[in-house]
Each structure stands twice: as structure tokens, then as C-alpha cells.
$ cat data34.cif   # mmCIF, C-alpha atoms and all ligand atoms
data_my_file
#
loop_
_atom_site.label_atom_id
_atom_site.label_comp_id
_atom_site.auth_asym_id
_atom_site.auth_seq_id
_atom_site.Cartn_x
_atom_site.Cartn_y
_atom_site.Cartn_z
CA MET A 1 125.40 52.88 287.01
CA ALA A 2 126.78 54.40 283.90
CA TYR A 3 126.91 57.09 281.29
CA LYS A 4 123.43 56.93 279.75
CA THR A 5 121.33 58.30 276.95
CA LEU A 6 118.31 60.51 277.56
CA LYS A 7 116.08 57.78 276.19
CA GLU A 8 117.32 55.31 278.80
CA VAL A 9 116.80 57.52 281.84
CA LEU A 10 113.42 58.80 280.66
CA LYS A 11 112.23 55.24 280.18
CA GLU A 12 113.16 54.46 283.76
CA ALA A 13 111.41 57.64 284.91
CA GLU A 14 108.29 56.63 283.01
CA GLU A 15 108.25 53.16 284.53
CA MET A 16 108.92 54.35 288.07
CA ASP A 17 106.83 57.51 287.71
CA PHE A 18 109.27 60.29 288.48
CA THR A 19 110.84 63.25 286.67
CA VAL A 20 114.53 63.53 285.86
CA GLY A 21 116.20 66.84 286.68
CA ALA A 22 118.16 68.41 283.84
CA PHE A 23 120.58 70.95 285.22
CA ASN A 24 122.57 73.46 283.20
CA ALA A 25 126.28 73.48 283.94
CA HIS A 26 127.43 77.08 283.55
CA ASN A 27 131.08 76.10 283.83
CA LEU A 28 133.10 72.92 284.16
CA GLU A 29 133.97 73.67 287.76
CA MET A 30 130.47 73.03 289.09
CA VAL A 31 129.90 69.69 287.35
CA PRO A 32 131.36 67.33 289.99
CA ALA A 33 129.25 68.98 292.72
CA MET A 34 126.15 68.59 290.53
CA ILE A 35 126.70 64.90 289.85
CA GLU A 36 127.59 64.25 293.47
CA ALA A 37 124.16 65.65 294.47
CA ALA A 38 122.42 63.08 292.25
CA HIS A 39 124.65 60.34 293.60
CA GLU A 40 123.66 61.22 297.16
CA GLU A 41 119.99 61.08 296.16
CA GLY A 42 120.37 57.79 294.29
CA ALA A 43 118.86 59.40 291.19
CA PRO A 44 119.92 59.80 287.58
CA ILE A 45 120.94 63.28 286.44
CA ILE A 46 121.01 65.10 283.12
CA ILE A 47 123.87 67.57 282.86
CA GLN A 48 123.21 69.98 280.03
CA THR A 49 125.26 72.70 278.45
CA SER A 50 124.53 75.43 275.98
CA VAL A 51 126.65 75.42 272.84
CA GLY A 52 128.43 78.54 274.14
CA THR A 53 129.40 77.01 277.48
CA ALA A 54 130.36 73.73 275.80
CA ASP A 55 132.73 75.54 273.47
CA THR A 56 134.18 77.73 276.21
CA GLU A 57 135.16 74.74 278.35
CA GLY A 58 135.60 72.18 275.58
CA MET A 59 132.93 69.63 274.67
CA ARG A 60 135.32 66.75 275.25
CA ASN A 61 136.11 68.02 278.73
CA PHE A 62 132.44 67.91 279.72
CA VAL A 63 132.21 64.40 278.30
CA ALA A 64 135.31 63.28 280.20
CA VAL A 65 134.04 64.54 283.57
CA CYS A 66 130.54 63.13 283.12
CA LYS A 67 131.75 59.73 281.94
CA SER A 68 134.37 59.44 284.62
CA MET A 69 131.97 60.31 287.42
CA ALA A 70 129.22 58.06 286.06
CA GLU A 71 131.62 55.15 286.13
CA HIS A 72 133.39 55.83 289.39
CA GLU A 73 130.65 57.35 291.52
CA ALA A 74 127.94 54.81 290.72
CA VAL A 75 125.44 57.29 289.29
CA ASP A 76 123.58 57.47 285.98
CA VAL A 77 124.61 60.58 284.05
CA VAL A 78 123.33 61.91 280.72
CA LEU A 79 125.24 64.71 278.99
CA HIS A 80 122.86 66.74 276.84
CA LEU A 81 123.43 69.65 274.45
CA ASP A 82 120.73 72.23 275.19
CA HIS A 83 119.02 74.34 272.48
CA ALA A 84 121.24 73.65 269.51
CA ARG A 85 119.93 75.53 266.48
CA ASP A 86 122.76 74.63 264.11
CA ILE A 87 123.09 71.02 262.99
CA LYS A 88 126.88 71.46 262.83
CA ASP A 89 126.94 72.01 266.61
CA ILE A 90 124.98 68.80 267.09
CA GLU A 91 127.43 66.87 264.93
CA ARG A 92 130.36 68.25 266.93
CA ALA A 93 128.74 67.36 270.26
CA ILE A 94 128.02 63.82 269.09
CA ALA A 95 131.58 63.43 267.85
CA ALA A 96 132.84 64.63 271.24
CA GLY A 97 130.71 62.03 273.04
CA TYR A 98 127.53 63.78 274.22
CA SER A 99 124.84 61.14 274.80
CA SER A 100 121.90 63.43 274.01
CA VAL A 101 121.17 66.57 271.99
CA MET A 102 118.32 69.01 271.61
CA PHE A 103 117.52 70.37 268.21
CA ASP A 104 115.59 73.60 268.71
CA GLY A 105 113.75 74.36 265.51
CA SER A 106 111.06 76.33 267.29
CA LEU A 107 111.96 79.56 265.51
CA LEU A 108 111.69 77.91 262.11
CA SER A 109 108.49 77.33 260.17
CA PHE A 110 106.61 74.21 261.25
CA LYS A 111 107.59 72.44 258.02
CA GLU A 112 111.24 73.35 258.34
CA ASN A 113 111.31 72.35 262.01
CA ILE A 114 110.00 68.91 261.07
CA ALA A 115 112.43 68.50 258.17
CA LYS A 116 115.51 69.48 260.19
CA THR A 117 114.51 67.58 263.32
CA LYS A 118 114.04 64.46 261.19
CA ARG A 119 117.57 64.84 259.85
CA VAL A 120 118.97 65.24 263.35
CA VAL A 121 117.08 62.20 264.64
CA GLU A 122 118.36 60.05 261.81
CA TYR A 123 121.93 61.23 262.34
CA ALA A 124 121.87 60.93 266.14
CA HIS A 125 120.04 57.63 266.46
CA LYS A 126 122.48 55.98 264.06
CA ARG A 127 125.17 56.92 266.56
CA GLY A 128 123.27 55.83 269.67
CA VAL A 129 122.48 59.40 270.78
CA SER A 130 119.07 60.66 271.95
CA VAL A 131 117.24 63.70 270.60
CA GLU A 132 114.91 66.24 272.18
CA GLY A 133 112.76 68.34 269.84
CA GLU A 134 110.68 71.42 270.48
CA ILE A 135 107.26 72.42 269.28
CA GLY A 136 105.75 75.72 270.34
CA THR A 137 108.13 78.27 271.81
CA ILE A 138 109.33 79.07 275.27
CA GLY A 139 109.42 82.77 276.05
CA GLY A 140 112.31 84.70 277.55
CA THR A 141 115.97 85.06 276.75
CA GLU A 142 118.49 82.30 276.48
CA GLU A 143 121.98 82.56 275.02
CA GLY A 144 121.16 85.85 273.33
CA PHE A 145 117.96 84.61 271.68
CA THR A 146 114.90 86.48 272.85
CA VAL A 147 111.39 85.18 272.30
CA LYS A 148 109.03 87.89 273.49
CA GLU A 149 105.94 85.87 274.17
CA GLY A 150 106.21 82.11 274.29
CA ASN A 151 103.68 80.34 272.08
CA TYR A 152 101.67 77.55 273.57
CA THR A 153 102.18 74.20 271.91
CA ARG A 154 99.10 73.31 269.88
CA PRO A 155 98.21 69.67 270.48
CA GLU A 156 97.44 69.05 266.80
CA ASP A 157 100.90 70.38 265.86
CA ALA A 158 102.58 68.19 268.47
CA ILE A 159 100.75 65.10 267.21
CA LYS A 160 101.79 65.83 263.64
CA PHE A 161 105.37 66.58 264.72
CA LEU A 162 105.65 63.27 266.56
CA GLN A 163 104.21 61.34 263.63
CA GLU A 164 107.03 62.71 261.50
CA CYS A 165 109.91 62.91 263.98
CA ASP A 166 110.94 60.02 266.20
CA VAL A 167 112.36 62.23 268.96
CA ASP A 168 113.02 60.77 272.41
CA ALA A 169 111.53 63.74 274.27
CA LEU A 170 109.51 66.80 273.34
CA ALA A 171 109.90 70.30 274.79
CA VAL A 172 106.50 71.97 275.03
CA GLY A 173 105.39 75.57 275.43
CA VAL A 174 103.01 75.56 278.38
CA GLY A 175 103.64 78.96 279.94
CA THR A 176 107.23 78.86 281.19
CA HIS A 177 109.91 81.41 280.33
CA HIS A 178 113.66 81.15 280.09
CA GLY A 179 115.70 83.23 282.48
CA GLN A 180 112.86 83.97 284.89
CA PHE A 181 113.91 83.93 288.54
CA GLN A 182 112.19 86.74 290.41
CA SER A 183 108.60 85.64 289.96
CA LYS A 184 106.75 82.43 289.29
CA THR A 185 104.81 81.29 286.25
CA GLU A 186 101.17 80.44 285.87
CA LEU A 187 101.32 77.09 284.10
CA ASN A 188 98.61 76.13 281.64
CA PHE A 189 97.57 72.85 283.27
CA PRO A 190 94.55 72.17 281.05
CA LEU A 191 96.93 72.26 278.07
CA ILE A 192 99.52 70.08 279.82
CA GLU A 193 96.80 67.52 280.62
CA GLU A 194 95.57 67.56 277.05
CA LEU A 195 99.09 67.09 275.68
CA HIS A 196 99.67 64.26 278.13
CA SER A 197 96.52 62.45 277.04
CA LYS A 198 97.27 62.85 273.33
CA LEU A 199 101.05 62.34 273.10
CA ASP A 200 102.96 59.20 273.85
CA LYS A 201 106.40 60.76 274.31
CA PRO A 202 108.07 62.09 277.46
CA MET A 203 107.58 65.86 277.70
CA VAL A 204 110.12 68.45 278.79
CA ILE A 205 109.65 71.65 280.78
CA HIS A 206 112.07 74.48 280.00
CA GLY A 207 112.52 77.55 282.17
CA GLY A 208 111.91 75.42 285.26
CA THR A 209 113.31 78.06 287.61
CA GLY A 210 110.09 80.00 287.11
CA VAL A 211 107.87 77.09 288.16
CA ASN A 212 106.39 76.88 291.65
CA GLU A 213 107.74 73.89 293.53
CA GLU A 214 104.18 73.08 294.58
CA ASP A 215 103.44 72.32 290.91
CA TYR A 216 106.22 69.76 290.42
CA HIS A 217 104.19 66.78 291.49
CA ARG A 218 101.33 67.60 289.16
CA LEU A 219 103.80 67.92 286.29
CA THR A 220 105.23 64.48 287.01
CA GLU A 221 101.71 63.06 287.06
CA ASN A 222 101.12 64.63 283.64
CA GLY A 223 104.02 63.10 281.78
CA ILE A 224 106.72 65.69 282.33
CA ARG A 225 109.80 63.47 282.52
CA LYS A 226 112.60 66.01 282.01
CA PHE A 227 112.59 69.28 283.93
CA ASN A 228 115.21 71.91 283.12
CA VAL A 229 116.74 74.10 285.78
CA GLY A 230 119.37 76.58 284.63
CA THR A 231 118.85 80.10 285.87
CA GLU A 232 118.46 79.22 289.53
CA LEU A 233 121.85 77.50 289.53
CA LEU A 234 123.48 80.41 287.71
CA VAL A 235 122.03 82.99 290.09
CA SER A 236 122.96 81.07 293.20
CA TRP A 237 126.52 80.33 292.06
CA THR A 238 127.07 83.96 291.06
CA LYS A 239 125.60 85.39 294.26
CA LYS A 240 127.85 83.16 296.34
CA ALA A 241 130.86 84.05 294.19
CA LYS A 242 130.21 87.78 294.65
CA GLU A 243 129.93 87.30 298.37
CA MET A 244 133.08 85.19 298.66
CA PHE A 245 135.31 87.14 296.29
CA GLY A 246 134.10 90.34 297.87
CA LYS A 247 135.42 89.44 301.27
CA THR A 248 138.52 87.32 300.75
CA GLU A 249 142.09 88.46 300.13
CA VAL A 250 143.50 88.23 296.61
CA ASN A 251 145.97 85.55 297.67
CA GLU A 252 143.27 83.41 299.27
CA SER A 253 143.28 79.85 297.98
CA LEU A 254 140.87 79.81 295.08
CA ARG A 255 139.10 76.73 296.38
CA ASN A 256 138.02 78.59 299.50
CA ASN A 257 136.01 80.90 297.24
CA ILE A 258 134.77 78.26 294.83
CA ILE A 259 133.73 75.48 297.21
CA PRO A 260 130.83 77.50 298.70
CA CYS A 261 129.62 78.37 295.18
CA ASN A 262 129.58 74.71 294.22
CA GLU A 263 127.93 73.80 297.51
CA SER A 264 125.05 76.18 296.84
CA VAL A 265 124.43 74.51 293.47
CA HIS A 266 124.78 71.08 295.06
CA ASN A 267 122.15 71.88 297.68
CA ILE A 268 119.63 73.23 295.16
CA ILE A 269 120.00 70.13 293.02
CA LYS A 270 119.53 67.78 295.97
CA HIS A 271 116.37 69.63 296.97
CA LYS A 272 114.97 69.58 293.42
CA ILE A 273 115.72 65.89 292.95
CA GLU A 274 113.89 65.06 296.19
CA LEU A 275 110.82 66.82 294.80
CA PHE A 276 111.19 65.19 291.37
CA MET A 277 111.46 61.75 292.98
CA ASN A 278 108.42 62.51 295.14
CA LYS A 279 110.51 62.27 298.27
CA GLY A 280 110.02 65.90 299.26
ZN ZN B 301 115.32 75.86 277.30
#

$ encode --input "data34.cif" --output "C-alpha cells"
Amino acid sequence: MAYKTLKEVLKEAEEMDFTVGAFNAHNLEMVPAMIEAAHEEGAPIIIQTSVGTADTEGMRNFVAVCKSMAEHEAVDVVLHLDHARDIKDIERAIAAGYSSVMFDGSLLSFKENIAKTKRVVEYAHKRGVSVEGEIGTIGGTEEGFTVKEGNYTRPEDAIKFLQECDVDALAVGVGTHHGQFQSKTELNFPLIEELHSKLDKPMVIHGGTGVNEEDYHRLTENGIRKFNVGTELLVSWTKKAKEMFGKTEVNESLRNNIIPCNESVHNIIKHKIELFMNKG
């Protein structure tokens, strides 16, 4: 068990036919509880951070915690930079020790997305780091970027993109939205099936909080190998924090407030991993 690249864990998922959960860490404090959940399930885990969270806590600090736990807790951990739009951020994350990065060129023209993703792949692969690309857009708001309506990924675009860019995973627009947590999405399964039959790369679902759990299995069967969950963890941690801080005294030991927040994230991740591993 070790600190791994995205490519390595997705290969294992492909061979053993499961999906790897990619969970957004919204602060450094919750990371040990997240990794511990994967350890208890005997599954690999992808910890991902936005550029903003990474810089708030320190990229090297995320790397240190993930590496240390991967080595000492006997669990496979990938640390992935989510939705980087600036190549400079990708270079900084790689220098700090992230094992995987996403270059999100989905707001660029198709040509520019290909050109920049190619550059990122070349840079990252030379340094042993995996790359996720995106084709089509995912609706909703993330880190201040709002995409009103997500655009479905067109299979012919995805084929062309993959011919040009040797990414290790591809984020696809199939009906999910970032930030959605009060309702569930209608996924475009005919499109997902078509993409699966035409593409030979692991696919990634973003905005996973908005996906019905009943649909997970069908996604795994259709080549979704990385499934992102961010909002659900954020909402659950924050709700628990409001509850705890609202009822404790100001001189209460901080851990008494924080432990239940981390536990709520831990429990969600365990549950999701059981579904992703087809144990649920
Ligand atoms: Zn996303």
C-alpha cells in the first residue's frame, strides 16, 4: 500500500471492475478521517483539493499527510488537484508532490483545450504525475466559476480529444452539476453508454453528490472509474460544525467539536466506497 498515481489506481479499478471514490478535502483537518475510511474498507482513495483549499492549507501539507498515511496505514492514496485552469497551479502542485492533476480547459475553445491539455500531459508525465482532462462542461458553481447549463460531451469531440491528448482519465458532461445537494440529477445514460463503447479511457463523473445512489452500479458498468464527491462532504461537515459549536461552551476542547464533524465525513465516505466496490 502506498502513495499512488491516478493512473495506477484506475488501472486496478478497471481490472477489478469497480469505481474509485474521489473525495474533496475542504480543509486539512478532515483528511485523516477520510483516508481512515478507505483503509477500513480496504479500498484505494483519491483525496482531491481545489487550488484555493490547497493554497489555504499549503500544498506540501496535504502531500505530507497523504503520503504519511498511505505508508503507515496500509492504504493506497492518490492526491489530486481538482479543476486547475492555470498551468502555473499545476506546476506548483507537482513540485509540492501531488501525484495527479486535473487540467480543466472546458471553458476554452476546443482547439485551445487540446493544445493546453497536451502541454500539461507532457509536463506531468515526465514527472510521473497523472492527468485528468475535461471535454464538455459540467454545470453549476465551483470555486466561483459558474457554468449555467452544462454541455453534454459530444462523442466525436471526446474521440478527437483523446487522439491528441494522452490523459489518464477524462471528465465527461453527462448531466451532472457541481454544488447540487438538494435534488438529484437525471443522468444521460444513452450518452454514457455511447461514450463507454467509443472511448478507451477511464471516465470521471463530477458533481457526484447530485447522483442517485441507485445509479452508481450502472455507472461502474459503463466505465466510470473515478467518481467525485465534494458538496455532500462539505454540507455534512458544516452542518455538524454548526450543531456542535452552537451548543458547546467557548472553552470546550476544540476536538470535542471537530471529531463529530470528521466522523460524519468518515461515515459518508465508507458508505460511498461500499457502493463503488459493489459491496453495498
Ligand atoms: Zn468538478

$ closest_atom_pairs --input "data34.cif" --of "range 131-237 of chain A" --to "range 266-272 of chain A" --cutoff "12 Å" --atoms "only C-alpha atoms" --output "JSON lines"
{"residue": "A:Gly208", "atom": "CA", "partner": "A:Lys272", "partner_atom": "CA", "distance": 10.5}
{"residue": "A:Thr209", "atom": "CA", "partner": "A:Lys272", "partner_atom": "CA", "distance": 10.4}
{"residue": "A:Val211", "atom": "CA", "partner": "A:Lys272", "partner_atom": "CA", "distance": 11.6}
{"residue": "A:Asn212", "atom": "CA", "partner": "A:Lys272", "partner_atom": "CA", "distance": 11.4}
{"residue": "A:Glu213", "atom": "CA", "partner": "A:Lys272", "partner_atom": "CA", "distance": 8.4}
{"residue": "A:Glu214", "atom": "CA", "partner": "A:Lys272", "partner_atom": "CA", "distance": 11.4}
{"residue": "A:Tyr216", "atom": "CA", "partner": "A:Lys272", "partner_atom": "CA", "distance": 9.3}
{"residue": "A:His217", "atom": "CA", "partner": "A:Lys272", "partner_atom": "CA", "distance": 11.3}
{"residue": "A:Phe227", "atom": "CA", "partner": "A:Lys272", "partner_atom": "CA", "distance": 9.8}
{"residue": "A:Asn228", "atom": "CA", "partner": "A:Lys272", "partner_atom": "CA", "distance": 10.6}
{"residue": "A:Val229", "atom": "CA", "partner": "A:Ile269", "partner_atom": "CA", "distance": 8.9}
{"residue": "A:Gly230", "atom": "CA", "partner": "A:Ile269", "partner_atom": "CA", "distance": 10.6}
{"residue": "A:Thr231", "atom": "CA", "partner": "A:Ile268", "partner_atom": "CA", "distance": 11.6}
{"residue": "A:Glu232", "atom": "CA", "partner": "A:Ile268", "partner_atom": "CA", "distance": 8.3}
{"residue": "A:Leu233", "atom": "CA", "partner": "A:Ile268", "partner_atom": "CA", "distance": 7.4}
{"residue": "A:Leu234", "atom": "CA", "partner": "A:Ile268", "partner_atom": "CA", "distance": 11.0}
{"residue": "A:Val235", "atom": "CA", "partner": "A:Ile268", "partner_atom": "CA", "distance": 11.3}
{"residue": "A:Ser236", "atom": "CA", "partner": "A:Ile268", "partner_atom": "CA", "distance": 8.7}
{"residue": "A:Trp237", "atom": "CA", "partner": "A:His266", "partner_atom": "CA", "distance": 9.9}

$ axis_aligned_box --input "data34.cif" --around "range 22-41 of chain A" --padding-each-side "3 Å" --output "AutoDock Vina command-line options"
--center_x 126.1 --center_y 68.7 --center_z 290.2 --size_x 21.8 --size_y 22.7 --size_z 20.0

$ closest_atom_pairs --input "data34.cif" --of "chain A" --to "ligand ZN 301 (chain B)" --cutoff "8 Å" --atoms "only C-alpha atoms and all ligand atoms" --output "CSV"
residue,atom,partner,partner_atom,distance
A:Asp82,CA,B:ZN301,ZN,6.8
A:His83,CA,B:ZN301,ZN,6.3
A:Ile138,CA,B:ZN301,ZN,7.1
A:Glu142,CA,B:ZN301,ZN,7.2
A:His178,CA,B:ZN301,ZN,6.2
A:Ile205,CA,B:ZN301,ZN,7.9
A:His206,CA,B:ZN301,ZN,4.4
A:Gly207,CA,B:ZN301,ZN,5.9
A:Asn228,CA,B:ZN301,ZN,7.0

$ closest_residue --input "data34.cif" --among "A:Ala74, A:Met277, A:Val31, A:Val51" --to "Lys88 in chain A" --atoms "all atoms listed in the file"
A:Val51

$ closest_residue --input "data34.cif" --among "A:Val172, A:Val65, A:Ala158, A:Ile47" --to "Thr137 in chain A" --atoms "only C-alpha atoms"
A:Val172

$ atom_distance --input "data34.cif" --atom1 "CA of Tyr3 in chain A" --atom2 "CA of Glu134 in chain A"
24.2 Å

$ residues_near_point --input "data34.cif" --point "(104.1, 74.7, 277.2)" --cutoff "10 Å" --atoms "all atoms listed in the file" --output "MDAnalysis selection string"
chainID A and resid 134:139 150:154 171:177 187:189 191:192 195 203:206

$ write_last_selection --input "data34.cif" --atoms "C-alpha atoms" --output "compact mmCIF listing (two decimals), keeping the file's coordinate frame"
# COMPACT_ATOMS: atom_id res chain seq x y z
CA GLU A 134 110.68 71.42 270.48
CA ILE A 135 107.26 72.42 269.28
CA GLY A 136 105.75 75.72 270.34
CA THR A 137 108.13 78.27 271.81
CA ILE A 138 109.33 79.07 275.27
CA GLY A 139 109.42 82.77 276.05
CA GLY A 150 106.21 82.11 274.29
CA ASN A 151 103.68 80.34 272.08
CA TYR A 152 101.67 77.55 273.57
CA THR A 153 102.18 74.20 271.91
CA ARG A 154 99.10 73.31 269.88
CA ALA A 171 109.90 70.30 274.79
CA VAL A 172 106.50 71.97 275.03
CA GLY A 173 105.39 75.57 275.43
CA VAL A 174 103.01 75.56 278.38
CA GLY A 175 103.64 78.96 279.94
CA THR A 176 107.23 78.86 281.19
CA HIS A 177 109.91 81.41 280.33
CA LEU A 187 101.32 77.09 284.10
CA ASN A 188 98.61 76.13 281.64
CA PHE A 189 97.57 72.85 283.27
CA LEU A 191 96.93 72.26 278.07
CA ILE A 192 99.52 70.08 279.82
CA LEU A 195 99.09 67.09 275.68
CA MET A 203 107.58 65.86 277.70
CA VAL A 204 110.12 68.45 278.79
CA ILE A 205 109.65 71.65 280.78
CA HIS A 206 112.07 74.48 280.00

$ closest_residue --input "data34.cif" --among "A:His26, A:Lys116, A:His39, A:His80" --to "Glu132 in chain A" --atoms "all atoms listed in the file"
A:His80

$ closest_residue --input "data34.cif" --among "A:Leu107, A:Leu199, A:Ala96, A:Ala43" --to "Leu275 in chain A" --atoms "all atoms listed in the file"
A:Ala43

$ closest_residue --input "data34.cif" --among "A:Leu6, A:Ile159, A:Val75, A:Leu28" --to "Asn61 in chain A" --atoms "all atoms listed in the file"
A:Leu28

$ atom_distance --input "data34.cif" --atom1 "CA of Ile46 in chain A" --atom2 "CA of Ala124 in chain A"
17.5 Å

$ atom_distance --input "data34.cif" --atom1 "CA of Val129 in chain A" --atom2 "CA of Glu91 in chain A"
10.7 Å

$ closest_residue --input "data34.cif" --among "A:Ile224, A:Ala115, A:Ala64, A:Ala25" --to "His196 in chain A" --atoms "only C-alpha atoms"
A:Ile224

$ residues_around --input "data34.cif" --residues "Lys201 in chain A" --least-positions-apart "5" --cutoff "12 Å" --atoms "only C-alpha atoms" --output "list of chain:residue names"
A:Lys7, A:Leu10, A:Lys11, A:Glu14, A:Val131, A:Glu132, A:Gly133, A:Ala158, A:Ile159, A:Phe161, A:Leu162, A:Gln163, A:Cys165, A:Asp166, A:Val167, A:Asp168, A:Ala169, A:Leu170, A:Ala171, A:Val172, A:Leu195, A:His196, A:Asn222, A:Gly223, A:Ile224, A:Arg225, A:Lys226

$ residues_near_point --input "data34.cif" --point "(114.3, 68.1, 265.2)" --cutoff "7 Å" --atoms "all atoms listed in the file" --output "PDB file with C-alpha atoms, keeping the file's coordinate frame"
ATOM      1  CA  PHE A 103     117.520  70.370 268.210  1.00  0.00           C
ATOM      2  CA  ASP A 104     115.590  73.600 268.710  1.00  0.00           C
ATOM      3  CA  GLY A 105     113.750  74.360 265.510  1.00  0.00           C
ATOM      4  CA  ASN A 113     111.310  72.350 262.010  1.00  0.00           C
ATOM      5  CA  ILE A 114     110.000  68.910 261.070  1.00  0.00           C
ATOM      6  CA  LYS A 116     115.510  69.480 260.190  1.00  0.00           C
ATOM      7  CA  THR A 117     114.510  67.580 263.320  1.00  0.00           C
ATOM      8  CA  LYS A 118     114.040  64.460 261.190  1.00  0.00           C
ATOM      9  CA  VAL A 120     118.970  65.240 263.350  1.00  0.00           C
ATOM     10  CA  VAL A 121     117.080  62.200 264.640  1.00  0.00           C
ATOM     11  CA  GLY A 133     112.760  68.340 269.840  1.00  0.00           C
ATOM     12  CA  CYS A 165     109.910  62.910 263.980  1.00  0.00           C
TER      13      CYS A 165
END

$ decode --input "data34.cif" --residues "range 184-198 of chain A" --atoms "N, CA, C and O atoms" --output "PDB file, in the first residue's frame"
ATOM      1  N   LYS A 184     -31.755  15.476  -7.097  1.00  0.00           N
ATOM      2  CA  LYS A 184     -30.895  14.528  -7.803  1.00  0.00           C
ATOM      3  C   LYS A 184     -31.016  14.707  -9.314  1.00  0.00           C
ATOM      4  O   LYS A 184     -32.028  15.161  -9.831  1.00  0.00           O
ATOM      5  N   THR A 185     -29.949  14.328  -9.974  1.00  0.00           N
ATOM      6  CA  THR A 185     -29.825  14.554 -11.422  1.00  0.00           C
ATOM      7  C   THR A 185     -30.387  13.406 -12.235  1.00  0.00           C
ATOM      8  O   THR A 185     -30.311  12.262 -11.829  1.00  0.00           O
ATOM      9  N   GLU A 186     -30.902  13.768 -13.398  1.00  0.00           N
ATOM     10  CA  GLU A 186     -31.275  12.768 -14.398  1.00  0.00           C
ATOM     11  C   GLU A 186     -30.054  12.565 -15.285  1.00  0.00           C
ATOM     12  O   GLU A 186     -29.698  13.453 -16.066  1.00  0.00           O
ATOM     13  N   LEU A 187     -29.391  11.446 -15.145  1.00  0.00           N
ATOM     14  CA  LEU A 187     -28.195  11.199 -15.954  1.00  0.00           C
ATOM     15  C   LEU A 187     -28.580  10.779 -17.363  1.00  0.00           C
ATOM     16  O   LEU A 187     -29.597  10.110 -17.564  1.00  0.00           O
ATOM     17  N   ASN A 188     -27.748  11.148 -18.319  1.00  0.00           N
ATOM     18  CA  ASN A 188     -27.982  10.772 -19.709  1.00  0.00           C
ATOM     19  C   ASN A 188     -27.287   9.425 -19.982  1.00  0.00           C
ATOM     20  O   ASN A 188     -26.171   9.377 -20.492  1.00  0.00           O
ATOM     21  N   PHE A 189     -27.965   8.348 -19.628  1.00  0.00           N
ATOM     22  CA  PHE A 189     -27.338   7.022 -19.763  1.00  0.00           C
ATOM     23  C   PHE A 189     -27.073   6.607 -21.210  1.00  0.00           C
ATOM     24  O   PHE A 189     -26.037   5.988 -21.478  1.00  0.00           O
ATOM     25  N   PRO A 190     -27.960   6.933 -22.152  1.00  0.00           N
ATOM     26  CA  PRO A 190     -27.613   6.572 -23.541  1.00  0.00           C
ATOM     27  C   PRO A 190     -26.277   7.189 -23.968  1.00  0.00           C
ATOM     28  O   PRO A 190     -25.460   6.530 -24.627  1.00  0.00           O
ATOM     29  N   LEU A 191     -26.036   8.438 -23.547  1.00  0.00           N
ATOM     30  CA  LEU A 191     -24.767   9.085 -23.877  1.00  0.00           C
ATOM     31  C   LEU A 191     -23.600   8.403 -23.161  1.00  0.00           C
ATOM     32  O   LEU A 191     -22.544   8.155 -23.755  1.00  0.00           O
ATOM     33  N   ILE A 192     -23.794   8.095 -21.880  1.00  0.00           N
ATOM     34  CA  ILE A 192     -22.719   7.444 -21.115  1.00  0.00           C
ATOM     35  C   ILE A 192     -22.353   6.106 -21.774  1.00  0.00           C
ATOM     36  O   ILE A 192     -21.177   5.775 -21.936  1.00  0.00           O
ATOM     37  N   GLU A 193     -23.370   5.368 -22.199  1.00  0.00           N
ATOM     38  CA  GLU A 193     -23.121   4.074 -22.848  1.00  0.00           C
ATOM     39  C   GLU A 193     -22.388   4.252 -24.177  1.00  0.00           C
ATOM     40  O   GLU A 193     -21.468   3.496 -24.501  1.00  0.00           O
ATOM     41  N   GLU A 194     -22.780   5.282 -24.900  1.00  0.00           N
ATOM     42  CA  GLU A 194     -22.111   5.531 -26.177  1.00  0.00           C
ATOM     43  C   GLU A 194     -20.640   5.911 -25.963  1.00  0.00           C
ATOM     44  O   GLU A 194     -19.741   5.408 -26.648  1.00  0.00           O
ATOM     45  N   LEU A 195     -20.410   6.788 -24.969  1.00  0.00           N
ATOM     46  CA  LEU A 195     -19.031   7.194 -24.672  1.00  0.00           C
ATOM     47  C   LEU A 195     -18.208   5.976 -24.250  1.00  0.00           C
ATOM     48  O   LEU A 195     -17.062   5.799 -24.671  1.00  0.00           O
ATOM     49  N   HIS A 196     -18.822   5.145 -23.439  1.00  0.00           N
ATOM     50  CA  HIS A 196     -18.114   3.952 -22.947  1.00  0.00           C
ATOM     51  C   HIS A 196     -17.722   3.036 -24.106  1.00  0.00           C
ATOM     52  O   HIS A 196     -16.619   2.474 -24.122  1.00  0.00           O
ATOM     53  N   SER A 197     -18.610   2.899 -25.072  1.00  0.00           N
ATOM     54  CA  SER A 197     -18.316   1.985 -26.188  1.00  0.00           C
ATOM     55  C   SER A 197     -17.284   2.578 -27.146  1.00  0.00           C
ATOM     56  O   SER A 197     -16.591   1.850 -27.839  1.00  0.00           O
ATOM     57  N   LYS A 198     -17.173   3.904 -27.165  1.00  0.00           N
ATOM     58  CA  LYS A 198     -16.278   4.526 -28.151  1.00  0.00           C
ATOM     59  C   LYS A 198     -14.925   4.976 -27.597  1.00  0.00           C
ATOM     60  O   LYS A 198     -14.007   5.233 -28.368  1.00  0.00           O
TER      61      LYS A 198
END
